[in-house]
>>> print(open('final.txt').read())   # compact mmCIF, C-alpha atoms
# COMPACT_ATOMS: atom_id res chain seq x y z
CA ASN A 1 65.18 103.07 126.53
CA ALA A 2 67.82 105.76 126.94
CA GLY A 3 69.87 104.19 124.12
CA VAL A 4 73.59 105.02 124.26
CA THR A 5 74.59 107.66 126.79
CA GLN A 6 77.92 109.42 127.17
CA THR A 7 79.31 111.65 129.88
CA PRO A 8 80.62 114.28 129.99
CA LYS A 9 79.42 116.24 126.94
CA PHE A 10 82.44 118.53 127.03
CA GLN A 11 85.74 118.42 128.91
CA VAL A 12 88.90 120.52 129.04
CA LEU A 13 92.09 118.82 130.19
CA LYS A 14 95.65 119.90 130.66
CA THR A 15 98.46 117.94 129.04
CA GLY A 16 99.38 114.98 131.22
CA GLN A 17 96.06 114.71 133.05
CA SER A 18 94.07 111.51 132.97
CA MET A 19 90.35 111.07 132.68
CA THR A 20 87.64 108.54 131.88
CA LEU A 21 84.92 109.02 129.30
CA GLN A 22 81.81 107.13 130.32
CA CYS A 23 79.57 105.16 127.97
CA ALA A 24 76.50 103.11 128.83
CA GLN A 25 73.76 101.39 126.85
CA ASP A 26 70.52 99.80 127.98
CA MET A 27 69.73 97.74 124.87
CA ASN A 28 71.61 94.59 125.95
CA HIS A 29 74.00 94.95 123.02
CA GLU A 30 77.01 92.65 122.96
CA TYR A 31 79.14 94.87 120.77
CA MET A 32 80.39 98.28 121.91
CA SER A 33 83.02 100.55 120.44
CA TRP A 34 84.75 103.91 120.71
CA TYR A 35 85.52 106.20 117.79
CA ARG A 36 87.21 109.54 117.52
CA GLN A 37 86.17 112.10 114.94
CA ASP A 38 88.60 114.68 113.64
CA PRO A 39 88.02 117.21 110.82
CA GLY A 40 88.64 115.63 107.44
CA MET A 41 89.37 112.21 108.96
CA GLY A 42 85.94 110.66 109.40
CA LEU A 43 85.41 108.33 112.36
CA ARG A 44 88.32 106.17 113.38
CA LEU A 45 87.97 103.15 115.64
CA ILE A 46 89.89 103.29 118.93
CA HIS A 47 88.84 100.14 120.81
CA TYR A 48 85.95 97.73 120.68
CA SER A 49 84.39 94.94 122.70
CA VAL A 50 82.30 91.95 121.62
CA GLY A 51 81.11 91.18 125.14
CA ALA A 52 81.85 91.54 128.83
CA GLY A 53 85.48 90.78 129.56
CA ILE A 54 86.54 90.94 125.90
CA THR A 55 88.19 93.98 124.34
CA ASP A 56 90.41 94.59 121.35
CA GLN A 57 92.26 97.40 119.62
CA GLY A 58 91.01 99.33 116.66
CA GLU A 59 92.83 101.58 114.22
CA VAL A 60 94.10 104.24 116.68
CA PRO A 61 94.44 102.68 120.17
CA ASN A 62 97.60 104.39 121.43
CA GLY A 63 97.08 106.49 124.55
CA TYR A 64 93.72 104.90 125.40
CA ASN A 65 92.62 102.02 127.62
CA VAL A 66 89.27 100.27 127.88
CA SER A 67 87.65 97.58 129.98
CA ARG A 68 84.27 95.86 129.82
CA SER A 69 83.22 94.49 133.19
CA THR A 70 79.48 94.57 132.39
CA THR A 71 77.38 94.37 129.23
CA GLU A 72 76.07 97.89 129.81
CA ASP A 73 79.25 99.93 130.38
CA PHE A 74 82.33 100.57 128.26
CA PRO A 75 84.52 103.36 129.66
CA LEU A 76 87.41 104.88 127.74
CA ARG A 77 90.43 106.00 129.75
CA LEU A 78 92.99 108.55 128.66
CA LEU A 79 96.13 107.73 130.58
CA SER A 80 98.11 110.94 130.02
CA ALA A 81 96.27 113.41 127.83
CA ALA A 82 98.07 114.99 124.89
CA PRO A 83 96.96 117.85 122.59
CA SER A 84 96.73 115.29 119.74
CA GLN A 85 93.84 113.69 121.63
CA THR A 86 91.72 116.81 121.20
CA SER A 87 88.75 115.39 119.33
CA VAL A 88 85.11 114.41 119.49
CA TYR A 89 84.62 110.92 120.90
CA PHE A 90 81.68 108.68 120.06
CA CYS A 91 80.60 105.52 121.76
CA ALA A 92 78.47 103.06 119.79
CA SER A 93 76.73 99.76 120.36
CA ARG A 94 74.86 97.11 118.41
CA LEU A 95 73.86 93.50 118.38
CA THR A 96 76.41 91.25 116.68
CA GLY A 97 75.88 90.70 112.97
CA GLY A 98 76.51 92.96 110.03
CA ARG A 99 72.97 93.98 109.22
CA GLU A 100 72.32 95.21 112.75
CA THR A 101 71.99 98.96 113.20
CA GLN A 102 74.84 100.56 115.12
CA TYR A 103 73.58 103.14 117.61
CA PHE A 104 75.73 106.09 118.56
CA GLY A 105 75.91 108.18 121.69
CA PRO A 106 75.72 112.00 121.47
CA GLY A 107 79.50 112.40 121.61
CA THR A 108 82.01 113.93 124.03
CA ARG A 109 84.01 116.92 122.92
CA LEU A 110 87.47 116.87 124.49
CA LEU A 111 89.95 119.74 124.44
CA VAL A 112 93.48 119.10 125.66
CA LEU A 113 95.55 122.22 126.32
CA ALA B 114 92.55 95.90 104.71
CA GLN B 115 89.21 97.31 103.76
CA THR B 116 89.01 101.00 102.88
CA VAL B 117 86.17 103.40 102.19
CA THR B 118 86.69 106.47 100.01
CA GLN B 119 84.44 109.50 99.69
CA SER B 120 85.96 111.69 97.00
CA GLN B 121 83.72 114.72 97.49
CA PRO B 122 84.62 116.67 100.66
CA GLU B 123 81.78 119.13 100.00
CA MET B 124 78.65 119.20 97.86
CA SER B 125 75.90 121.72 97.38
CA VAL B 126 72.32 121.31 96.12
CA GLN B 127 69.36 123.58 95.54
CA GLU B 128 66.29 122.92 97.63
CA ALA B 129 63.88 120.48 95.89
CA GLU B 130 66.58 119.20 93.53
CA THR B 131 68.44 115.90 93.48
CA VAL B 132 72.02 115.27 94.58
CA THR B 133 74.23 112.19 94.49
CA LEU B 134 77.04 111.52 96.96
CA SER B 135 79.77 109.13 95.90
CA CYS B 136 81.41 106.30 97.83
CA THR B 137 83.82 103.59 96.75
CA TYR B 138 85.26 100.80 98.83
CA ASP B 139 87.89 98.15 98.61
CA THR B 140 87.40 94.63 99.90
CA SER B 141 88.14 91.02 99.04
CA GLU B 142 85.11 89.74 100.95
CA SER B 143 81.95 88.58 99.21
CA ASP B 144 79.55 89.07 102.12
CA TYR B 145 79.35 92.54 103.60
CA TYR B 146 77.07 95.45 104.36
CA LEU B 147 77.19 99.10 103.39
CA PHE B 148 75.66 102.05 105.18
CA TRP B 149 75.10 105.76 104.85
CA TYR B 150 75.02 107.79 108.06
CA LYS B 151 73.93 111.41 108.42
CA GLN B 152 75.49 113.75 110.98
CA PRO B 153 73.62 117.07 111.35
CA PRO B 154 75.11 120.00 113.29
CA SER B 155 73.82 118.40 116.51
CA ARG B 156 76.58 115.76 115.97
CA GLN B 157 74.14 112.88 116.40
CA MET B 158 74.90 110.01 114.01
CA ILE B 159 71.75 108.85 112.22
CA LEU B 160 71.48 105.76 110.01
CA VAL B 161 70.03 106.77 106.65
CA ILE B 162 70.11 103.57 104.62
CA ARG B 163 71.63 100.09 104.58
CA GLN B 164 72.52 97.71 101.73
CA GLU B 165 73.33 94.02 101.94
CA ALA B 166 75.94 93.01 99.36
CA TYR B 167 74.13 89.79 98.45
CA LYS B 168 71.02 91.74 97.41
CA GLN B 169 71.05 93.02 93.85
CA GLN B 170 68.13 95.35 94.44
CA ASN B 171 69.12 98.87 95.46
CA ALA B 172 67.89 99.95 98.90
CA THR B 173 65.40 102.81 99.17
CA GLU B 174 64.15 104.80 102.16
CA ASN B 175 61.67 107.50 101.18
CA ARG B 176 63.67 110.24 99.41
CA PHE B 177 66.96 108.39 99.89
CA SER B 178 68.14 105.66 97.55
CA VAL B 179 71.43 104.02 96.68
CA ASN B 180 73.10 102.93 93.47
CA PHE B 181 75.01 99.80 94.48
CA GLN B 182 77.47 98.55 91.85
CA LYS B 183 79.12 95.50 93.41
CA ALA B 184 81.58 94.78 90.62
CA ALA B 185 82.74 98.39 90.57
CA LYS B 186 82.71 98.53 94.41
CA SER B 187 80.65 101.68 94.29
CA PHE B 188 77.86 102.74 96.64
CA SER B 189 76.41 106.17 95.94
CA LEU B 190 73.58 107.90 97.81
CA LYS B 191 70.90 109.80 95.93
CA ILE B 192 68.79 112.36 97.77
CA SER B 193 65.68 113.41 95.89
CA ASP B 194 63.61 116.55 96.54
CA SER B 195 66.33 117.93 98.81
CA GLN B 196 65.18 119.72 101.94
CA LEU B 197 66.92 122.22 104.19
CA GLY B 198 67.01 119.57 106.91
CA ASP B 199 69.17 117.36 104.69
CA ALA B 200 72.13 119.68 105.24
CA ALA B 201 74.67 117.61 107.16
CA MET B 202 77.83 115.53 106.97
CA TYR B 203 77.21 112.20 105.28
CA PHE B 204 79.41 109.21 105.99
CA CYS B 205 79.65 106.04 103.97
CA ALA B 206 80.50 102.96 106.05
CA TYR B 207 81.43 99.33 105.41
CA TRP B 208 80.96 96.24 107.57
CA GLY B 209 82.60 92.97 106.62
CA GLY B 210 82.18 89.72 108.55
CA SER B 211 85.87 88.92 108.91
CA GLN B 212 86.69 91.99 111.01
CA GLY B 213 83.33 92.91 112.42
CA ASN B 214 83.81 96.65 112.74
CA LEU B 215 82.28 99.55 110.86
CA ILE B 216 84.84 101.33 108.69
CA PHE B 217 83.97 104.90 107.75
CA GLY B 218 84.87 107.17 104.90
CA LYS B 219 86.01 110.72 105.61
CA GLY B 220 82.62 112.21 104.91
CA THR B 221 80.93 114.63 102.53
CA LYS B 222 79.52 117.91 103.79
CA LEU B 223 76.22 118.62 102.06
CA SER B 224 74.81 122.16 101.92
CA VAL B 225 71.24 122.84 100.80
CA LYS B 226 70.48 126.25 99.30
CA PRO B 227 66.98 127.73 99.70
>>> encode(input="final.txt", output="structure tokens")
Amino acid sequence: NAGVTQTPKFQVLKTGQSMTLQCAQDMNHEYMSWYRQDPGMGLRLIHYSVGAGITDQGEVPNGYNVSRSTTEDFPLRLLSAAPSQTSVYFCASRLTGGRETQYFGPGTRLLVL
Amino acid sequence: AQTVTQSQPEMSVQEAETVTLSCTYDTSESDYYLFWYKQPPSRQMILVIRQEAYKQQNATENRFSVNFQKAAKSFSLKISDSQLGDAAMYFCAYWGGSQGNLIFGKGTKLSVKP
């Protein structure tokens, strides 16, 4: 199993540009989520999905869109990048249920100029 | 809303000694789970240990153990015989059934001195 994969590893954007961060998992996990990590802020939830066709907002959803057309993929779209979206983005997945281990991707570092 | 607080932004420990990282949380739920994650410089998030709230016994994984005080809503991580490879950011996290998402604290950066 590849686990949770993310592409790209690093990206530079100009203000106003749009882009999609890719996330895929091959563990047949129902639950997938996106976090952003900023210095001194921990990991904050952006969006999450409990299954194909079902998505919901987390703590910091503004400026981001998601969709879940398949169990495996959960892309995160930045509609119009802003410098405040400079961050490290993590995708995660797990089976439903609290005791299940949440697996994280390697992260995408995004710099918005 | 549930919150997770890590009051120590940075900690330091001598190699082979013991260190304890603190975590408190706020919740009105009775059934929940608590986790400690390690993030080394590679940025990969690694699960260190997990505790179910309904279990009174403290979880242990090799050199890592927790002190879970449910009434005080405290969940500290003890690292024994610290090694250089333990140097990392450590995040405390909470999962409660009613909202279904992991909530993270802001992290503690642990340095290990040789």
>>> closest_residue(input="final.txt", among="B:Leu223, B:Met202, B:Leu147, B:Ala184", to="Ile159 in chain B", atoms="all atoms listed in the file")
B:Met202
>>> closest_atom_pairs(input="final.txt", of="chain B", to="chain A", cutoff="12 Å", atoms="all atoms listed in the file", output="JSON lines")
{"residue": "B:Ala114", "atom": "CA", "partner": "A:Glu59", "partner_atom": "CA", "distance": 11.1}
{"residue": "B:Gln115", "atom": "CA", "partner": "A:Glu59", "partner_atom": "CA", "distance": 11.9}
{"residue": "B:Thr116", "atom": "CA", "partner": "A:Arg44", "partner_atom": "CA", "distance": 11.7}
{"residue": "B:Val117", "atom": "CA", "partner": "A:Gly42", "partner_atom": "CA", "distance": 10.2}
{"residue": "B:Thr118", "atom": "CA", "partner": "A:Gly42", "partner_atom": "CA", "distance": 10.3}
{"residue": "B:Gln119", "atom": "CA", "partner": "A:Gly42", "partner_atom": "CA", "distance": 9.9}
{"residue": "B:Ser120", "atom": "CA", "partner": "A:Gly40", "partner_atom": "CA", "distance": 11.5}
{"residue": "B:Gln121", "atom": "CA", "partner": "A:Gly40", "partner_atom": "CA", "distance": 11.1}
{"residue": "B:Pro122", "atom": "CA", "partner": "A:Gly40", "partner_atom": "CA", "distance": 8.0}
{"residue": "B:Glu123", "atom": "CA", "partner": "A:Gly40", "partner_atom": "CA", "distance": 10.7}
{"residue": "B:Asp144", "atom": "CA", "partner": "A:Gly98", "partner_atom": "CA", "distance": 9.3}
{"residue": "B:Tyr145", "atom": "CA", "partner": "A:Gly98", "partner_atom": "CA", "distance": 7.0}
{"residue": "B:Tyr146", "atom": "CA", "partner": "A:Gly98", "partner_atom": "CA", "distance": 6.2}
{"residue": "B:Leu147", "atom": "CA", "partner": "A:Arg99", "partner_atom": "CA", "distance": 8.8}
{"residue": "B:Phe148", "atom": "CA", "partner": "A:Thr101", "partner_atom": "CA", "distance": 9.3}
{"residue": "B:Trp149", "atom": "CA", "partner": "A:Thr101", "partner_atom": "CA", "distance": 11.2}
{"residue": "B:Tyr150", "atom": "CA", "partner": "A:Gln102", "partner_atom": "CA", "distance": 10.1}
{"residue": "B:Lys151", "atom": "CA", "partner": "A:Phe104", "partner_atom": "CA", "distance": 11.6}
{"residue": "B:Gln152", "atom": "CA", "partner": "A:Pro106", "partner_atom": "CA", "distance": 10.6}
{"residue": "B:Pro153", "atom": "CA", "partner": "A:Pro106", "partner_atom": "CA", "distance": 11.5}
{"residue": "B:Pro154", "atom": "CA", "partner": "A:Pro106", "partner_atom": "CA", "distance": 11.5}
{"residue": "B:Ser155", "atom": "CA", "partner": "A:Pro106", "partner_atom": "CA", "distance": 8.3}
{"residue": "B:Arg156", "atom": "CA", "partner": "A:Pro106", "partner_atom": "CA", "distance": 6.7}
{"residue": "B:Gln157", "atom": "CA", "partner": "A:Pro106", "partner_atom": "CA", "distance": 5.4}
{"residue": "B:Met158", "atom": "CA", "partner": "A:Phe104", "partner_atom": "CA", "distance": 6.1}
{"residue": "B:Ile159", "atom": "CA", "partner": "A:Phe104", "partner_atom": "CA", "distance": 8.0}
{"residue": "B:Leu160", "atom": "CA", "partner": "A:Thr101", "partner_atom": "CA", "distance": 7.5}
{"residue": "B:Val161", "atom": "CA", "partner": "A:Thr101", "partner_atom": "CA", "distance": 10.4}
{"residue": "B:Ile162", "atom": "CA", "partner": "A:Thr101", "partner_atom": "CA", "distance": 9.9}
{"residue": "B:Arg163", "atom": "CA", "partner": "A:Arg99", "partner_atom": "CA", "distance": 7.8}
{"residue": "B:Gln164", "atom": "CA", "partner": "A:Arg99", "partner_atom": "CA", "distance": 8.4}
{"residue": "B:Glu165", "atom": "CA", "partner": "A:Arg99", "partner_atom": "CA", "distance": 7.3}
{"residue": "B:Ala166", "atom": "CA", "partner": "A:Arg99", "partner_atom": "CA", "distance": 10.3}
{"residue": "B:Tyr167", "atom": "CA", "partner": "A:Arg99", "partner_atom": "CA", "distance": 11.6}
{"residue": "B:Met202", "atom": "CA", "partner": "A:Gly42", "partner_atom": "CA", "distance": 9.8}
{"residue": "B:Tyr203", "atom": "CA", "partner": "A:Gly42", "partner_atom": "CA", "distance": 9.8}
{"residue": "B:Phe204", "atom": "CA", "partner": "A:Gly42", "partner_atom": "CA", "distance": 7.5}
{"residue": "B:Cys205", "atom": "CA", "partner": "A:Gly42", "partner_atom": "CA", "distance": 9.5}
{"residue": "B:Ala206", "atom": "CA", "partner": "A:Leu43", "partner_atom": "CA", "distance": 9.6}
{"residue": "B:Tyr207", "atom": "CA", "partner": "A:Gly98", "partner_atom": "CA", "distance": 9.3}
{"residue": "B:Trp208", "atom": "CA", "partner": "A:Gly98", "partner_atom": "CA", "distance": 6.1}
{"residue": "B:Gly209", "atom": "CA", "partner": "A:Gly98", "partner_atom": "CA", "distance": 7.0}
{"residue": "B:Gly210", "atom": "CA", "partner": "A:Gly98", "partner_atom": "CA", "distance": 6.7}
{"residue": "B:Ser211", "atom": "CA", "partner": "A:Gly98", "partner_atom": "CA", "distance": 10.3}
{"residue": "B:Gln212", "atom": "CA", "partner": "A:Gly58", "partner_atom": "CA", "distance": 10.2}
{"residue": "B:Gly213", "atom": "CA", "partner": "A:Gly98", "partner_atom": "CA", "distance": 7.2}
{"residue": "B:Asn214", "atom": "CA", "partner": "A:Leu45", "partner_atom": "CA", "distance": 8.2}
{"residue": "B:Leu215", "atom": "CA", "partner": "A:Leu45", "partner_atom": "CA", "distance": 8.3}
{"residue": "B:Ile216", "atom": "CA", "partner": "A:Arg44", "partner_atom": "CA", "distance": 7.6}
{"residue": "B:Phe217", "atom": "CA", "partner": "A:Leu43", "partner_atom": "CA", "distance": 5.9}
{"residue": "B:Gly218", "atom": "CA", "partner": "A:Gly42", "partner_atom": "CA", "distance": 5.8}
{"residue": "B:Lys219", "atom": "CA", "partner": "A:Gly42", "partner_atom": "CA", "distance": 3.8}
{"residue": "B:Gly220", "atom": "CA", "partner": "A:Gly42", "partner_atom": "CA", "distance": 5.8}
{"residue": "B:Thr221", "atom": "CA", "partner": "A:Gly40", "partner_atom": "CA", "distance": 9.2}
{"residue": "B:Lys222", "atom": "CA", "partner": "A:Gly40", "partner_atom": "CA", "distance": 10.1}
>>> write_last_selection(input="final.txt", atoms="C-alpha atoms", output="short mmCIF file (atom, residue, chain, number, x, y, z; two decimals), in the coordinates of the input")
data_model
loop_
_atom_site.label_atom_id
_atom_site.label_comp_id
_atom_site.auth_asym_id
_atom_site.auth_seq_id
_atom_site.Cartn_x
_atom_site.Cartn_y
_atom_site.Cartn_z
CA ALA B 114 92.55 95.90 104.71
CA GLN B 115 89.21 97.31 103.76
CA THR B 116 89.01 101.00 102.88
CA VAL B 117 86.17 103.40 102.19
CA THR B 118 86.69 106.47 100.01
CA GLN B 119 84.44 109.50 99.69
CA SER B 120 85.96 111.69 97.00
CA GLN B 121 83.72 114.72 97.49
CA PRO B 122 84.62 116.67 100.66
CA GLU B 123 81.78 119.13 100.00
CA ASP B 144 79.55 89.07 102.12
CA TYR B 145 79.35 92.54 103.60
CA TYR B 146 77.07 95.45 104.36
CA LEU B 147 77.19 99.10 103.39
CA PHE B 148 75.66 102.05 105.18
CA TRP B 149 75.10 105.76 104.85
CA TYR B 150 75.02 107.79 108.06
CA LYS B 151 73.93 111.41 108.42
CA GLN B 152 75.49 113.75 110.98
CA PRO B 153 73.62 117.07 111.35
CA PRO B 154 75.11 120.00 113.29
CA SER B 155 73.82 118.40 116.51
CA ARG B 156 76.58 115.76 115.97
CA GLN B 157 74.14 112.88 116.40
CA MET B 158 74.90 110.01 114.01
CA ILE B 159 71.75 108.85 112.22
CA LEU B 160 71.48 105.76 110.01
CA VAL B 161 70.03 106.77 106.65
CA ILE B 162 70.11 103.57 104.62
CA ARG B 163 71.63 100.09 104.58
CA GLN B 164 72.52 97.71 101.73
CA GLU B 165 73.33 94.02 101.94
CA ALA B 166 75.94 93.01 99.36
CA TYR B 167 74.13 89.79 98.45
CA MET B 202 77.83 115.53 106.97
CA TYR B 203 77.21 112.20 105.28
CA PHE B 204 79.41 109.21 105.99
CA CYS B 205 79.65 106.04 103.97
CA ALA B 206 80.50 102.96 106.05
CA TYR B 207 81.43 99.33 105.41
CA TRP B 208 80.96 96.24 107.57
CA GLY B 209 82.60 92.97 106.62
CA GLY B 210 82.18 89.72 108.55
CA SER B 211 85.87 88.92 108.91
CA GLN B 212 86.69 91.99 111.01
CA GLY B 213 83.33 92.91 112.42
CA ASN B 214 83.81 96.65 112.74
CA LEU B 215 82.28 99.55 110.86
CA ILE B 216 84.84 101.33 108.69
CA PHE B 217 83.97 104.90 107.75
CA GLY B 218 84.87 107.17 104.90
CA LYS B 219 86.01 110.72 105.61
CA GLY B 220 82.62 112.21 104.91
CA THR B 221 80.93 114.63 102.53
CA LYS B 222 79.52 117.91 103.79
#
>>> closest_residue(input="final.txt", among="A:Leu78, A:Met27, A:Met19, A:Val66", to="Ser93 in chain A", atoms="all atoms listed in the file")
A:Met27
>>> residues_near_point(input="final.txt", point="(69.0, 98.6, 127.0)", cutoff="8 Å", atoms="all atoms listed in the file", output="ChimeraX atom specification")
/A:1-3,25-29,72
>>> closest_residue(input="final.txt", among="A:Gln57, A:Thr7, A:Ser80, A:Ser69", to="Tyr35 in chain A", atoms="only C-alpha atoms")
A:Gln57
>>> closest_residue(input="final.txt", among="B:Ser143, B:Gln169, B:Gln127, B:Thr137", to="Ile192 in chain B", atoms="all atoms listed in the file")
B:Gln127
>>> residues_around(input="final.txt", residues="Leu111 in chain A", least_positions_apart="4", cutoff="7 Å", atoms="all atoms listed in the file", output="number ranges by chain")
A: 11-13, 86-87
>>> closest_residue(input="final.txt", among="B:Asn175, B:Asn180, B:Ser135, B:Ser224", to="Asp199 in chain B", atoms="only C-alpha atoms")
B:Ser224
>>> closest_residue(input="final.txt", among="A:Val60, A:Ile54, A:Leu76, A:Ala82", to="Leu21 in chain A", atoms="all atoms listed in the file")
A:Leu76
>>> atom_distance(input="final.txt", atom1="CA of Glu128 in chain B", atom2="CA of Asp194 in chain B")
7.0 Å
>>> atom_distance(input="final.txt", atom1="CA of Val179 in chain B", atom2="CA of Tyr138 in chain B")
14.4 Å
>>> build_atoms(input="final.txt", residues="range 96-104 of chain A", atoms="all heavy atoms", output="short mmCIF file (atom, residue, chain, number, x, y, z; two decimals), keeping the file's coordinate frame")
data_model
loop_
_atom_site.label_atom_id
_atom_site.label_comp_id
_atom_site.auth_asym_id
_atom_site.auth_seq_id
_atom_site.Cartn_x
_atom_site.Cartn_y
_atom_site.Cartn_z
N THR A 96 75.42 91.80 117.61
CA THR A 96 76.41 91.25 116.68
C THR A 96 75.72 90.89 115.36
O THR A 96 74.54 90.60 115.33
CB THR A 96 77.10 90.02 117.25
OG1 THR A 96 76.10 89.08 117.65
CG2 THR A 96 77.94 90.38 118.46
N GLY A 97 76.46 90.97 114.28
CA GLY A 97 75.88 90.70 112.97
C GLY A 97 75.91 91.95 112.12
O GLY A 97 75.59 93.04 112.59
N GLY A 98 76.28 91.80 110.86
CA GLY A 98 76.51 92.96 110.03
C GLY A 98 75.31 93.80 109.72
O GLY A 98 75.41 95.02 109.58
N ARG A 99 74.11 93.18 109.63
CA ARG A 99 72.97 93.98 109.22
C ARG A 99 72.36 94.74 110.39
O ARG A 99 71.43 95.50 110.20
CB ARG A 99 71.93 93.11 108.54
CG ARG A 99 71.05 92.30 109.46
CD ARG A 99 69.93 91.67 108.68
NE ARG A 99 69.35 92.55 107.69
CZ ARG A 99 68.40 93.44 107.94
NH1 ARG A 99 67.96 93.60 109.17
NH2 ARG A 99 67.91 94.19 106.97
N GLU A 100 72.88 94.53 111.59
CA GLU A 100 72.32 95.21 112.75
C GLU A 100 72.69 96.69 112.74
O GLU A 100 73.81 97.07 112.43
CB GLU A 100 72.82 94.56 114.04
CG GLU A 100 72.46 93.09 114.19
CD GLU A 100 70.96 92.86 114.22
OE1 GLU A 100 70.24 93.79 114.64
OE2 GLU A 100 70.53 91.77 113.85
N THR A 101 71.76 97.52 113.11
CA THR A 101 71.99 98.96 113.20
C THR A 101 72.95 99.26 114.34
O THR A 101 72.80 98.73 115.44
CB THR A 101 70.67 99.70 113.43
OG1 THR A 101 69.81 99.45 112.33
CG2 THR A 101 70.91 101.20 113.57
N GLN A 102 73.93 100.11 114.07
CA GLN A 102 74.84 100.56 115.12
C GLN A 102 74.31 101.89 115.65
O GLN A 102 74.08 102.82 114.89
CB GLN A 102 76.25 100.71 114.56
CG GLN A 102 77.27 101.17 115.59
CD GLN A 102 78.67 100.66 115.29
OE1 GLN A 102 78.93 99.46 115.26
NE2 GLN A 102 79.59 101.58 115.07
N TYR A 103 74.11 101.94 116.95
CA TYR A 103 73.58 103.14 117.61
C TYR A 103 74.72 103.92 118.24
O TYR A 103 75.60 103.35 118.87
CB TYR A 103 72.57 102.76 118.68
CG TYR A 103 71.33 102.08 118.14
CD1 TYR A 103 71.30 100.70 117.94
CD2 TYR A 103 70.21 102.83 117.79
CE1 TYR A 103 70.17 100.08 117.43
CE2 TYR A 103 69.08 102.21 117.28
CZ TYR A 103 69.07 100.83 117.10
OH TYR A 103 67.96 100.23 116.58
N PHE A 104 74.67 105.23 118.06
CA PHE A 104 75.73 106.09 118.56
C PHE A 104 75.24 106.93 119.73
O PHE A 104 74.07 107.34 119.78
CB PHE A 104 76.22 107.03 117.45
CG PHE A 104 77.07 106.35 116.42
CD1 PHE A 104 76.48 105.65 115.37
CD2 PHE A 104 78.44 106.39 116.50
CE1 PHE A 104 77.25 105.02 114.42
CE2 PHE A 104 79.24 105.77 115.55
CZ PHE A 104 78.64 105.08 114.50
#
